[in-house]
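To start, the structure itself, in structure tokens.
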There are 2 protein chains.
Amino acid sequence: MHSFSSYLLAYSNIPNSSLEVLLKLFTPRHFKKNDFYARAGEHAKKIGFLEEGIMRAYYQNDKGEEFNKLFFMNPSIVGPYSALITGETNKINIQWLTDGTLLEANFQDIIDLYPDNRSIESLNRKIAEDFFVKKEKREMSLVMFDAAERYAVFQKEFPELENNIAQYHIASYLGITPTQLSRIRAKKG
Amino acid sequence: MHSFSSYLLAYSNIPNSSLEVLLKLFTPRHFKKNDFYARAGEHAKKIGFLEEGIMRAYYQNDKGEEFNKLFFMNPSIVGPYSALITGETNKINIQWLTDGTLLEANFQDIIDLYPDNRSIESLNRKIAEDFFVKKEKREMSLVMFDAAERYAVFQKEFPELENNIAQYHIASYLGITPTQLSRIRAKKG
DNA sequence: TCAATTTCTTTACAAATGTAAATGCAATTC
DNA sequence: GAATTGCATTTACATTTGTAAAGAAATTGA
């Protein structure tokens, strides 16, 4: 398992003193499969670092249809990031697909560190930039590739996931029905 | 026209001294319709603030097919942002759809201001966060809505564009062919 | 263990969208 | 103002994907 501090240090060589202040804000929490970490409509306050387990983030439309948007595994930051930034209510749901644990902190407590810990704001700048880059990559794949190609990308990017989560979750991530994914798989042999 | 400084001040009430230092890095440049501002494969160095005109950003696949990803109008920051952040070569093309002007600076020169101008790094954190939020919104609409709904969203979001750019550019942005856009328009009456 | 449940695949059909070609319209050029 | 060019629309047909339902396979829980 990748530790939270090594994950952060890969972004930025933040001084040890600041890192300690930051880590002190986080406490571990355990969850069960199918638990929700965030729900659309709620007011997000917390951000997490996923240590163990698999999670998914998804949108839900008026008709209740679900659209998987991202899967999370260690190491990664987990939370309704857009909502935390804008202060609006969550647009996305985040749910556990397995049992697991994460480290959790109040996002506002982190922001409150900025004035006295410049390096922490700098770290968060880099994280925001990185999130943007990743999001753009995903957009690119949604726009340019058809479902079969996106499936190939998915398999490369998340080799651990293919056999650990339901096919219909993968189909939803690819933007197709389980039926269609089944056809794509069949065609590949 | 929205000025660059008012655009920046809406993000962050950065002190006047820092704002001046920042603005001094930018110089105006004029372009003609169909000019390229950035091309895939190049090494991006510059970032711009669009003052006048319309631009598009698009991906291009191996077969040469183009996929519009975003349109730009005043006020907005324009540039191969992901490439500037990662230091990799541009993945996207940016092209003028009309004549126009923008203010331009070396991105590295801005970064070099961070150590002595904390407020500028803070501003850029907010910008990165905002870009992420906007990108996620776009992802949401790509994933959840069908072409007809995305067209309605486009019309609301870019009312000025509908009659100022070619239909096939809009179709490309929506992820459909001009034929299909024509059918959607016909159905609406 | 085994019945119940969930998930995956398959099938037939329907709907949405793409492709290619033809047409008409409007702007541009000479 | 006639010819040219580029663009939007329309049409017929092909392809992709969705929907609904059924059956097979895998998983779960008593």
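Here's how to read the names in the structure tokens: chain A, B, ... by the order shown, residue numbers from 1 in each chain, ligand numbers from 1 in the order shown.
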Select from chain B every residue with an atom at most 8 Å from any atom of chain D, then for each give the shortest pair of atoms and their distance in Å to one decimal, using only C-alpha atoms (C1' of nucleotides), rows by chain and rising number, as CSV.
residue,atom,partner,partner_atom,distance
B:Ala166,CA,D:DC7,C1',8.0
B:Gln167,CA,D:DA8,C1',7.7
B:Thr179,CA,D:DT9,C1',7.7
B:Ser182,CA,D:DT9,C1',6.7
May I have the residues from that selection written out with N, CA and C atoms, as a compact mmCIF listing (two decimals), in the first residue's frame?
# COMPACT_ATOMS: atom_id res chain seq x y z
N ALA B 166 -19.67 27.86 -37.68
CA ALA B 166 -20.27 26.88 -38.58
C ALA B 166 -20.98 25.78 -37.80
N GLN B 167 -22.05 25.29 -38.39
CA GLN B 167 -22.81 24.19 -37.78
C GLN B 167 -21.92 22.98 -37.51
N THR B 179 -25.01 15.98 -40.06
CA THR B 179 -26.28 15.36 -40.44
C THR B 179 -27.19 15.19 -39.23
N SER B 182 -28.48 18.39 -37.84
CA SER B 182 -29.54 18.90 -38.69
C SER B 182 -30.87 18.22 -38.35
Next item on the list: Go through chain A and collect every residue that DSSP, computed from the backbone, puts in strand (DSSP E or B); the answer should be as a ChimeraX atom specification.
Entry: /A:27-31,36-38,46-52,55-60,66-72,76-78,93-96,100-106
Next item on the list: Could you please select, counting only C-alpha atoms (C1' of nucleotides), the residues of chain C within 12 Å of chain B and state them as a list in words?
Entry: DA16, DT17, DG18, DT19 and DA20 of chain C
Next item on the list: Identify every residue of chain B that has at least one atom within 7 Å of any atom of chain A, counting only C-alpha atoms, and report the result as a PyMOL selection string.
Entry: chain B and resi 67+82+125+128-129+131-133+135+139+143-144+175
Export of prior selection with N, CA and C atoms as a PDB file, in the first residue's frame:
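Output file again.pdb is given in full below:
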ATOM      1  N   PHE B  67     -12.159  16.781 -33.287  1.00  0.00           N
ATOM      2  CA  PHE B  67     -13.179  16.735 -32.241  1.00  0.00           C
ATOM      3  C   PHE B  67     -13.097  18.009 -31.426  1.00  0.00           C
ATOM      4  N   SER B  82      -3.031  21.966 -20.049  1.00  0.00           N
ATOM      5  CA  SER B  82      -2.481  20.692 -19.574  1.00  0.00           C
ATOM      6  C   SER B  82      -1.014  20.557 -19.944  1.00  0.00           C
ATOM      7  N   ARG B 125      -3.801  28.848  -8.055  1.00  0.00           N
ATOM      8  CA  ARG B 125      -4.479  27.713  -7.427  1.00  0.00           C
ATOM      9  C   ARG B 125      -5.973  27.814  -7.681  1.00  0.00           C
ATOM     10  N   ALA B 128      -6.770  27.013 -11.262  1.00  0.00           N
ATOM     11  CA  ALA B 128      -6.688  25.578 -11.537  1.00  0.00           C
ATOM     12  C   ALA B 128      -7.916  24.862 -10.984  1.00  0.00           C
ATOM     13  N   GLU B 129      -8.310  25.232  -9.790  1.00  0.00           N
ATOM     14  CA  GLU B 129      -9.500  24.611  -9.201  1.00  0.00           C
ATOM     15  C   GLU B 129     -10.738  24.906 -10.039  1.00  0.00           C
ATOM     16  N   PHE B 131     -10.859  25.643 -13.217  1.00  0.00           N
ATOM     17  CA  PHE B 131     -10.768  24.893 -14.468  1.00  0.00           C
ATOM     18  C   PHE B 131     -11.221  23.457 -14.255  1.00  0.00           C
ATOM     19  N   PHE B 132     -10.811  22.891 -13.138  1.00  0.00           N
ATOM     20  CA  PHE B 132     -11.224  21.519 -12.844  1.00  0.00           C
ATOM     21  C   PHE B 132     -12.744  21.426 -12.738  1.00  0.00           C
ATOM     22  N   VAL B 133     -13.324  22.356 -12.013  1.00  0.00           N
ATOM     23  CA  VAL B 133     -14.781  22.342 -11.835  1.00  0.00           C
ATOM     24  C   VAL B 133     -15.491  22.441 -13.173  1.00  0.00           C
ATOM     25  N   LYS B 135     -14.296  21.658 -16.117  1.00  0.00           N
ATOM     26  CA  LYS B 135     -14.040  20.444 -16.896  1.00  0.00           C
ATOM     27  C   LYS B 135     -14.952  19.313 -16.428  1.00  0.00           C
ATOM     28  N   GLU B 139     -17.663  17.079 -18.510  1.00  0.00           N
ATOM     29  CA  GLU B 139     -17.665  15.621 -18.470  1.00  0.00           C
ATOM     30  C   GLU B 139     -19.059  15.107 -18.131  1.00  0.00           C
ATOM     31  N   VAL B 143     -21.438  12.676 -20.366  1.00  0.00           N
ATOM     32  CA  VAL B 143     -21.762  11.340 -19.889  1.00  0.00           C
ATOM     33  C   VAL B 143     -23.268  11.150 -19.715  1.00  0.00           C
ATOM     34  N   MET B 144     -23.942  12.173 -19.222  1.00  0.00           N
ATOM     35  CA  MET B 144     -25.339  11.992 -18.821  1.00  0.00           C
ATOM     36  C   MET B 144     -26.356  12.333 -19.898  1.00  0.00           C
ATOM     37  N   GLY B 175     -20.328  16.037 -30.405  1.00  0.00           N
ATOM     38  CA  GLY B 175     -19.961  14.644 -30.604  1.00  0.00           C
ATOM     39  C   GLY B 175     -20.832  13.936 -31.612  1.00  0.00           C
TER      40      GLY B 175
END
Next item on the list: Write out as a PyMOL selection string which residues come within 9 Å of B:Leu50 when counting only C-alpha atoms (C1' of nucleotides), dropping same-chain ones fewer than 2 positions away.
Entry: chain B and resi 4+48+52-55+72-78+100-104
Let me see the file: selected residues, C-alpha atoms, as a PDB file, in the first residue's frame.
ATOM      1  CA  PHE B   4      -8.002  40.985 -17.997  1.00  0.00           C
ATOM      2  CA  GLY B  48      -3.093  33.975 -23.351  1.00  0.00           C
ATOM      3  CA  GLU B  52     -11.560  39.822 -28.908  1.00  0.00           C
ATOM      4  CA  GLY B  53     -12.666  37.046 -31.242  1.00  0.00           C
ATOM      5  CA  ILE B  54     -13.658  33.386 -31.095  1.00  0.00           C
ATOM      6  CA  MET B  55     -11.335  30.396 -30.848  1.00  0.00           C
ATOM      7  CA  PHE B  72     -13.301  30.487 -26.256  1.00  0.00           C
ATOM      8  CA  MET B  73     -14.641  34.016 -26.118  1.00  0.00           C
ATOM      9  CA  ASN B  74     -13.792  37.063 -24.044  1.00  0.00           C
ATOM     10  CA  PRO B  75     -13.228  36.827 -21.180  1.00  0.00           C
ATOM     11  CA  SER B  76     -11.213  33.657 -20.921  1.00  0.00           C
ATOM     12  CA  ILE B  77      -7.773  32.251 -20.509  1.00  0.00           C
ATOM     13  CA  VAL B  78      -6.611  30.404 -23.598  1.00  0.00           C
ATOM     14  CA  GLY B 100      -9.071  38.595 -32.878  1.00  0.00           C
ATOM     15  CA  THR B 101      -6.588  39.685 -30.252  1.00  0.00           C
ATOM     16  CA  LEU B 102      -5.212  38.269 -27.048  1.00  0.00           C
ATOM     17  CA  LEU B 103      -2.716  39.138 -24.347  1.00  0.00           C
ATOM     18  CA  GLU B 104       0.146  36.704 -24.148  1.00  0.00           C
TER      19      GLU B 104
END
Item checked: DSSP helix (DSSP H, G or I) residues within stretch 81-152 of chain B, as number ranges by chain -> B: 81-86, 107-111, 114-116, 118-144, 147-152
Taking N, CA and C atoms for each residue, export the selection above as a compact mmCIF listing (two decimals), in the first residue's frame.
# COMPACT_ATOMS: atom_id res chain seq x y z
N TYR B 81 -3.35 24.33 -21.63
CA TYR B 81 -3.10 24.39 -20.18
C TYR B 81 -2.48 23.10 -19.65
N SER B 82 -3.03 21.97 -20.05
CA SER B 82 -2.48 20.69 -19.57
C SER B 82 -1.01 20.56 -19.94
N ALA B 83 -0.70 20.91 -21.18
CA ALA B 83 0.69 20.76 -21.64
C ALA B 83 1.60 21.73 -20.89
N LEU B 84 1.12 22.92 -20.61
CA LEU B 84 1.93 23.88 -19.86
C LEU B 84 2.24 23.34 -18.47
N ILE B 85 1.28 22.68 -17.88
CA ILE B 85 1.47 22.16 -16.53
C ILE B 85 2.40 20.97 -16.51
N THR B 86 2.19 20.05 -17.45
CA THR B 86 2.97 18.82 -17.41
C THR B 86 4.33 18.97 -18.08
N PHE B 107 4.47 31.26 -19.88
CA PHE B 107 3.93 30.64 -18.67
C PHE B 107 5.01 30.52 -17.60
N GLN B 108 6.21 30.18 -18.03
CA GLN B 108 7.30 30.02 -17.07
C GLN B 108 7.59 31.33 -16.33
N ASP B 109 7.46 32.46 -17.03
CA ASP B 109 7.69 33.75 -16.37
C ASP B 109 6.70 33.97 -15.24
N ILE B 110 5.48 33.46 -15.44
CA ILE B 110 4.48 33.59 -14.37
C ILE B 110 4.87 32.72 -13.18
N ILE B 111 5.26 31.50 -13.48
CA ILE B 111 5.67 30.59 -12.40
C ILE B 111 6.83 31.18 -11.62
N TYR B 114 6.11 33.21 -8.51
CA TYR B 114 5.55 32.63 -7.29
C TYR B 114 6.38 32.93 -6.04
N PRO B 115 7.69 32.66 -6.06
CA PRO B 115 8.45 32.80 -4.80
C PRO B 115 8.28 34.18 -4.16
N ASP B 116 8.30 35.23 -4.96
CA ASP B 116 8.21 36.58 -4.39
C ASP B 116 6.80 37.13 -4.36
N ARG B 118 3.40 35.50 -3.43
CA ARG B 118 2.57 34.40 -2.99
C ARG B 118 1.15 34.53 -3.53
N SER B 119 0.67 35.75 -3.61
CA SER B 119 -0.72 35.94 -4.03
C SER B 119 -0.93 35.48 -5.47
N ILE B 120 0.13 35.48 -6.25
CA ILE B 120 -0.01 35.03 -7.64
C ILE B 120 -0.14 33.50 -7.70
N GLU B 121 0.65 32.83 -6.86
CA GLU B 121 0.46 31.38 -6.82
C GLU B 121 -0.93 31.04 -6.30
N SER B 122 -1.37 31.80 -5.33
CA SER B 122 -2.70 31.56 -4.77
C SER B 122 -3.78 31.78 -5.84
N LEU B 123 -3.61 32.83 -6.60
CA LEU B 123 -4.52 33.08 -7.72
C LEU B 123 -4.54 31.89 -8.67
N ASN B 124 -3.36 31.39 -8.99
CA ASN B 124 -3.30 30.28 -9.93
C ASN B 124 -3.87 28.99 -9.35
N ARG B 125 -3.80 28.85 -8.05
CA ARG B 125 -4.48 27.71 -7.43
C ARG B 125 -5.97 27.81 -7.68
N LYS B 126 -6.51 29.00 -7.47
CA LYS B 126 -7.96 29.17 -7.65
C LYS B 126 -8.35 28.95 -9.11
N ILE B 127 -7.50 29.41 -10.00
CA ILE B 127 -7.80 29.21 -11.41
C ILE B 127 -7.78 27.72 -11.76
N ALA B 128 -6.77 27.01 -11.26
CA ALA B 128 -6.69 25.58 -11.54
C ALA B 128 -7.92 24.86 -10.98
N GLU B 129 -8.31 25.23 -9.79
CA GLU B 129 -9.50 24.61 -9.20
C GLU B 129 -10.74 24.91 -10.04
N ASP B 130 -10.85 26.14 -10.46
CA ASP B 130 -12.01 26.52 -11.28
C ASP B 130 -12.02 25.78 -12.61
N PHE B 131 -10.86 25.64 -13.22
CA PHE B 131 -10.77 24.89 -14.47
C PHE B 131 -11.22 23.46 -14.26
N PHE B 132 -10.81 22.89 -13.14
CA PHE B 132 -11.22 21.52 -12.84
C PHE B 132 -12.74 21.43 -12.74
N VAL B 133 -13.32 22.36 -12.01
CA VAL B 133 -14.78 22.34 -11.83
C VAL B 133 -15.49 22.44 -13.17
N LYS B 134 -15.00 23.32 -14.03
CA LYS B 134 -15.64 23.48 -15.34
C LYS B 134 -15.47 22.23 -16.19
N LYS B 135 -14.30 21.66 -16.12
CA LYS B 135 -14.04 20.44 -16.90
C LYS B 135 -14.95 19.31 -16.43
N GLU B 136 -15.15 19.24 -15.13
CA GLU B 136 -16.02 18.19 -14.62
C GLU B 136 -17.47 18.40 -15.07
N LYS B 137 -17.89 19.63 -15.13
CA LYS B 137 -19.23 19.93 -15.62
C LYS B 137 -19.41 19.44 -17.05
N ARG B 138 -18.40 19.70 -17.85
CA ARG B 138 -18.44 19.25 -19.24
C ARG B 138 -18.48 17.73 -19.31
N GLU B 139 -17.66 17.08 -18.51
CA GLU B 139 -17.67 15.62 -18.47
C GLU B 139 -19.06 15.11 -18.13
N MET B 140 -19.67 15.75 -17.13
CA MET B 140 -21.00 15.36 -16.70
C MET B 140 -21.99 15.43 -17.85
N SER B 141 -21.89 16.50 -18.63
CA SER B 141 -22.86 16.64 -19.71
C SER B 141 -22.58 15.65 -20.82
N LEU B 142 -21.31 15.33 -21.05
CA LEU B 142 -20.97 14.32 -22.06
C LEU B 142 -21.50 12.95 -21.65
N VAL B 143 -21.44 12.68 -20.37
CA VAL B 143 -21.76 11.34 -19.89
C VAL B 143 -23.27 11.15 -19.71
N MET B 144 -23.94 12.17 -19.22
CA MET B 144 -25.34 11.99 -18.82
C MET B 144 -26.36 12.33 -19.90
N ALA B 147 -27.41 13.66 -27.37
CA ALA B 147 -26.98 14.76 -28.23
C ALA B 147 -27.97 15.92 -28.21
N ALA B 148 -29.27 15.61 -28.24
CA ALA B 148 -30.29 16.66 -28.26
C ALA B 148 -30.22 17.50 -26.99
N GLU B 149 -30.02 16.84 -25.87
CA GLU B 149 -29.92 17.57 -24.60
C GLU B 149 -28.64 18.40 -24.56
N ARG B 150 -27.56 17.83 -25.04
CA ARG B 150 -26.30 18.58 -25.06
C ARG B 150 -26.41 19.81 -25.95
N TYR B 151 -27.18 19.67 -27.01
CA TYR B 151 -27.40 20.82 -27.90
C TYR B 151 -28.13 21.93 -27.15
N ALA B 152 -29.13 21.55 -26.37
CA ALA B 152 -29.86 22.54 -25.59
C ALA B 152 -28.93 23.23 -24.59
Note to self: Give me the residues near stretch 31-42 of chain A as a VMD selection string, where near means some atom within 8 Å (using only C-alpha atoms (C1' of nucleotides)) and where sequence neighbours in that chain fewer than 2 positions away do not count.
What the structure shows: chain A and resid 29 44 79 to 80 89 to 101
